[in-house]
Amino acid sequence: MPRENKHSHWEWRTSHAGHSFFGFKCRVCQAYVPTLEEISGVQNRNHCPNCLCSRHMDWMEAGDRLSACKAVMYPVGLSIKWSHNKYARVLDGELLLVHQCTDCGKLSINRIAADDRPDMLQELFHTSIEWVDQLQMSIKSDIHLLTKKDAWLIDRQLGGLGG
Ligand SMILES: [Zn+2]
Ligand SMILES: [Zn+2]
């Protein structure tokens, strides 16, 4: 970077790993991603609300920031965490993003943030259902990816994100 380039407020605080207390710059679309919980609505935000890409920061559990990998993680599909809502008398679920590391192949599940683009989530869903069967077979974990029959869920969930 040329010397005369002024570092912006957030860049100045960014560590060598690219993350700071205030945010990080997306490696894929270059967007500035605020990580403050007041904005994203989630803790330990790793992914970009604009392109949904993430980085392999965590090793054993979300937020530990112990991964030595640090490669870009691409969103591969959506999953859902079900919980019984006794008041609504219906199953209530929270949409989750499934990322896969481009370097080591590790999968991770991430909560969707309040400012994630609903249209990008929709697009990811529609793309992912093309390969979800193969992907699900290759995943040796209890992550269950959403399939075509879950489309109604996506509409309901993303409609509820304020979009
Ligand atoms: Zn991005
Ligand atoms: Zn990795």
# chains A, B, ... in the order shown; residues from 1 in each chain; ligands from 1

$ closest_atom_pairs --of "chain A" --to "ligand 2" --cutoff "10 Å" --atoms "only C-alpha atoms and all ligand atoms" --output "JSON lines"
{"residue": "A:Arg55", "atom": "CA", "partner": "ligand 2", "partner_atom_place_in_ligand_line": "1 (Zn)", "distance": 7.8}
{"residue": "A:His56", "atom": "CA", "partner": "ligand 2", "partner_atom_place_in_ligand_line": "1 (Zn)", "distance": 5.0}
{"residue": "A:Met57", "atom": "CA", "partner": "ligand 2", "partner_atom_place_in_ligand_line": "1 (Zn)", "distance": 8.0}
{"residue": "A:Asp58", "atom": "CA", "partner": "ligand 2", "partner_atom_place_in_ligand_line": "1 (Zn)", "distance": 9.0}
{"residue": "A:Trp59", "atom": "CA", "partner": "ligand 2", "partner_atom_place_in_ligand_line": "1 (Zn)", "distance": 8.8}
{"residue": "A:Ser67", "atom": "CA", "partner": "ligand 2", "partner_atom_place_in_ligand_line": "1 (Zn)", "distance": 7.6}
{"residue": "A:Ala68", "atom": "CA", "partner": "ligand 2", "partner_atom_place_in_ligand_line": "1 (Zn)", "distance": 7.9}
{"residue": "A:Cys69", "atom": "CA", "partner": "ligand 2", "partner_atom_place_in_ligand_line": "1 (Zn)", "distance": 4.6}
{"residue": "A:Lys70", "atom": "CA", "partner": "ligand 2", "partner_atom_place_in_ligand_line": "1 (Zn)", "distance": 6.1}
{"residue": "A:Ala71", "atom": "CA", "partner": "ligand 2", "partner_atom_place_in_ligand_line": "1 (Zn)", "distance": 5.4}
{"residue": "A:Val72", "atom": "CA", "partner": "ligand 2", "partner_atom_place_in_ligand_line": "1 (Zn)", "distance": 7.5}
{"residue": "A:Met73", "atom": "CA", "partner": "ligand 2", "partner_atom_place_in_ligand_line": "1 (Zn)", "distance": 7.3}
{"residue": "A:Gln100", "atom": "CA", "partner": "ligand 2", "partner_atom_place_in_ligand_line": "1 (Zn)", "distance": 7.9}
{"residue": "A:Cys101", "atom": "CA", "partner": "ligand 2", "partner_atom_place_in_ligand_line": "1 (Zn)", "distance": 4.6}
{"residue": "A:Thr102", "atom": "CA", "partner": "ligand 2", "partner_atom_place_in_ligand_line": "1 (Zn)", "distance": 6.6}
{"residue": "A:Asp103", "atom": "CA", "partner": "ligand 2", "partner_atom_place_in_ligand_line": "1 (Zn)", "distance": 5.0}
{"residue": "A:Cys104", "atom": "CA", "partner": "ligand 2", "partner_atom_place_in_ligand_line": "1 (Zn)", "distance": 4.2}
{"residue": "A:Gly105", "atom": "CA", "partner": "ligand 2", "partner_atom_place_in_ligand_line": "1 (Zn)", "distance": 6.0}
{"residue": "A:Lys106", "atom": "CA", "partner": "ligand 2", "partner_atom_place_in_ligand_line": "1 (Zn)", "distance": 5.7}
{"residue": "A:Leu107", "atom": "CA", "partner": "ligand 2", "partner_atom_place_in_ligand_line": "1 (Zn)", "distance": 8.6}
{"residue": "A:Ser108", "atom": "CA", "partner": "ligand 2", "partner_atom_place_in_ligand_line": "1 (Zn)", "distance": 9.9}

$ write_last_selection --atoms "C-alpha atoms" --output "PDB file, in the first residue's frame"
ATOM      1  CA  ARG A  55     -12.667 -16.777   6.874  1.00  0.00           C
ATOM      2  CA  HIS A  56     -11.398 -19.779   8.737  1.00  0.00           C
ATOM      3  CA  MET A  57     -10.725 -18.069  12.062  1.00  0.00           C
ATOM      4  CA  ASP A  58     -12.029 -20.517  14.621  1.00  0.00           C
ATOM      5  CA  TRP A  59     -10.553 -23.900  15.410  1.00  0.00           C
ATOM      6  CA  SER A  67      -7.333 -21.456  13.633  1.00  0.00           C
ATOM      7  CA  ALA A  68      -4.006 -21.181  11.874  1.00  0.00           C
ATOM      8  CA  CYS A  69      -5.708 -21.610   8.505  1.00  0.00           C
ATOM      9  CA  LYS A  70      -7.291 -18.178   7.934  1.00  0.00           C
ATOM     10  CA  ALA A  71      -8.297 -19.109   4.374  1.00  0.00           C
ATOM     11  CA  VAL A  72     -11.488 -17.883   2.731  1.00  0.00           C
ATOM     12  CA  MET A  73     -14.589 -19.922   3.509  1.00  0.00           C
ATOM     13  CA  GLN A 100     -16.620 -24.626   3.776  1.00  0.00           C
ATOM     14  CA  CYS A 101     -12.977 -23.641   3.894  1.00  0.00           C
ATOM     15  CA  THR A 102     -11.365 -23.291   0.465  1.00  0.00           C
ATOM     16  CA  ASP A 103      -8.052 -24.484   1.861  1.00  0.00           C
ATOM     17  CA  CYS A 104      -8.592 -27.263   4.404  1.00  0.00           C
ATOM     18  CA  GLY A 105     -12.211 -28.136   3.613  1.00  0.00           C
ATOM     19  CA  LYS A 106     -13.495 -27.667   7.135  1.00  0.00           C
ATOM     20  CA  LEU A 107     -17.208 -27.020   7.454  1.00  0.00           C
ATOM     21  CA  SER A 108     -18.672 -24.610   9.922  1.00  0.00           C
TER      22      SER A 108
END

$ residues_near_ligand --ligand "ligand 1" --cutoff "8 Å" --atoms "only C-alpha atoms and all ligand atoms" --output "ChimeraX atom specification"
/A:25-31,33,47-54

$ select_by_dssp --residues "stretch 84-140 of chain A" --states "strand (DSSP E or B)" --output "PyMOL selection string"
chain A and resi 84-85+90-101+107-111

$ select_by_dssp --residues "stretch 11-85 of chain A" --states "alpha helix (DSSP H)" --output "number ranges by chain"
A: 11-13, 37-40

$ write_last_selection --atoms "N, CA, C and O atoms" --output "mmCIF file, in the first residue's frame"
data_model
loop_
_atom_site.group_PDB
_atom_site.id
_atom_site.type_symbol
_atom_site.label_atom_id
_atom_site.label_comp_id
_atom_site.auth_asym_id
_atom_site.auth_seq_id
_atom_site.Cartn_x
_atom_site.Cartn_y
_atom_site.Cartn_z
ATOM 1 N N GLU A 11 -9.295 0.431 9.739
ATOM 2 C CA GLU A 11 -8.098 -0.273 9.286
ATOM 3 C C GLU A 11 -6.966 -0.118 10.303
ATOM 4 O O GLU A 11 -6.169 -1.018 10.510
ATOM 5 N N TRP A 12 -6.928 1.036 10.883
ATOM 6 C CA TRP A 12 -5.894 1.351 11.850
ATOM 7 C C TRP A 12 -5.933 0.383 13.013
ATOM 8 O O TRP A 12 -4.914 0.055 13.593
ATOM 9 N N ARG A 13 -7.111 -0.089 13.335
ATOM 10 C CA ARG A 13 -7.257 -0.988 14.473
ATOM 11 C C ARG A 13 -7.210 -2.456 14.056
ATOM 12 O O ARG A 13 -7.290 -3.331 14.880
ATOM 13 N N GLU A 37 -21.704 -6.349 17.939
ATOM 14 C CA GLU A 37 -22.919 -7.126 18.139
ATOM 15 C C GLU A 37 -24.177 -6.283 17.953
ATOM 16 O O GLU A 37 -25.219 -6.770 17.533
ATOM 17 N N GLU A 38 -24.077 -4.973 18.245
ATOM 18 C CA GLU A 38 -25.245 -4.092 18.113
ATOM 19 C C GLU A 38 -25.685 -4.003 16.649
ATOM 20 O O GLU A 38 -26.842 -3.731 16.358
ATOM 21 N N ILE A 39 -24.743 -4.177 15.738
ATOM 22 C CA ILE A 39 -25.065 -4.070 14.315
ATOM 23 C C ILE A 39 -25.429 -5.422 13.728
ATOM 24 O O ILE A 39 -26.426 -5.576 13.031
ATOM 25 N N SER A 40 -24.618 -6.427 14.016
ATOM 26 C CA SER A 40 -24.821 -7.736 13.378
ATOM 27 C C SER A 40 -25.849 -8.583 14.105
ATOM 28 O O SER A 40 -26.437 -9.491 13.523
#

$ residues_around --residues "stretch 92-96 of chain A" --least-positions-apart "2" --cutoff "6 Å" --atoms "only C-alpha atoms" --output "PyMOL selection string"
chain A and resi 78-85+110-112

$ atom_distance --atom1 "atom CA of A:Asp119" --atom2 "atom CA of A:Asp64"
29.8 Å

$ residues_around --residues "A:Arg45" --least-positions-apart "3" --cutoff "8 Å" --atoms "only C-alpha atoms" --output "list in words"
Thr35, Ser40, Val42 and Ala113 of chain A

$ write_last_selection --atoms "C-alpha atoms" --output "mmCIF file, in the first residue's frame"
data_model
loop_
_atom_site.group_PDB
_atom_site.id
_atom_site.type_symbol
_atom_site.label_atom_id
_atom_site.label_comp_id
_atom_site.auth_asym_id
_atom_site.auth_seq_id
_atom_site.Cartn_x
_atom_site.Cartn_y
_atom_site.Cartn_z
ATOM 1 C CA THR A 35 -18.504 -7.086 13.890
ATOM 2 C CA SER A 40 -24.821 -7.736 13.378
ATOM 3 C CA VAL A 42 -24.594 -12.011 16.602
ATOM 4 C CA ALA A 113 -26.568 -11.858 11.091
#

$ atom_distance --atom1 "atom CA of A:Asp155" --atom2 "atom CA of A:Leu36"
27.0 Å

$ atom_distance --atom1 "atom CA of A:Leu97" --atom2 "atom CA of A:Pro75"
6.7 Å

$ closest_residue --among "A:Tyr32, A:Trp152, A:Phe24, A:Tyr74" --to "A:Gln122" --atoms "only C-alpha atoms"
A:Trp152
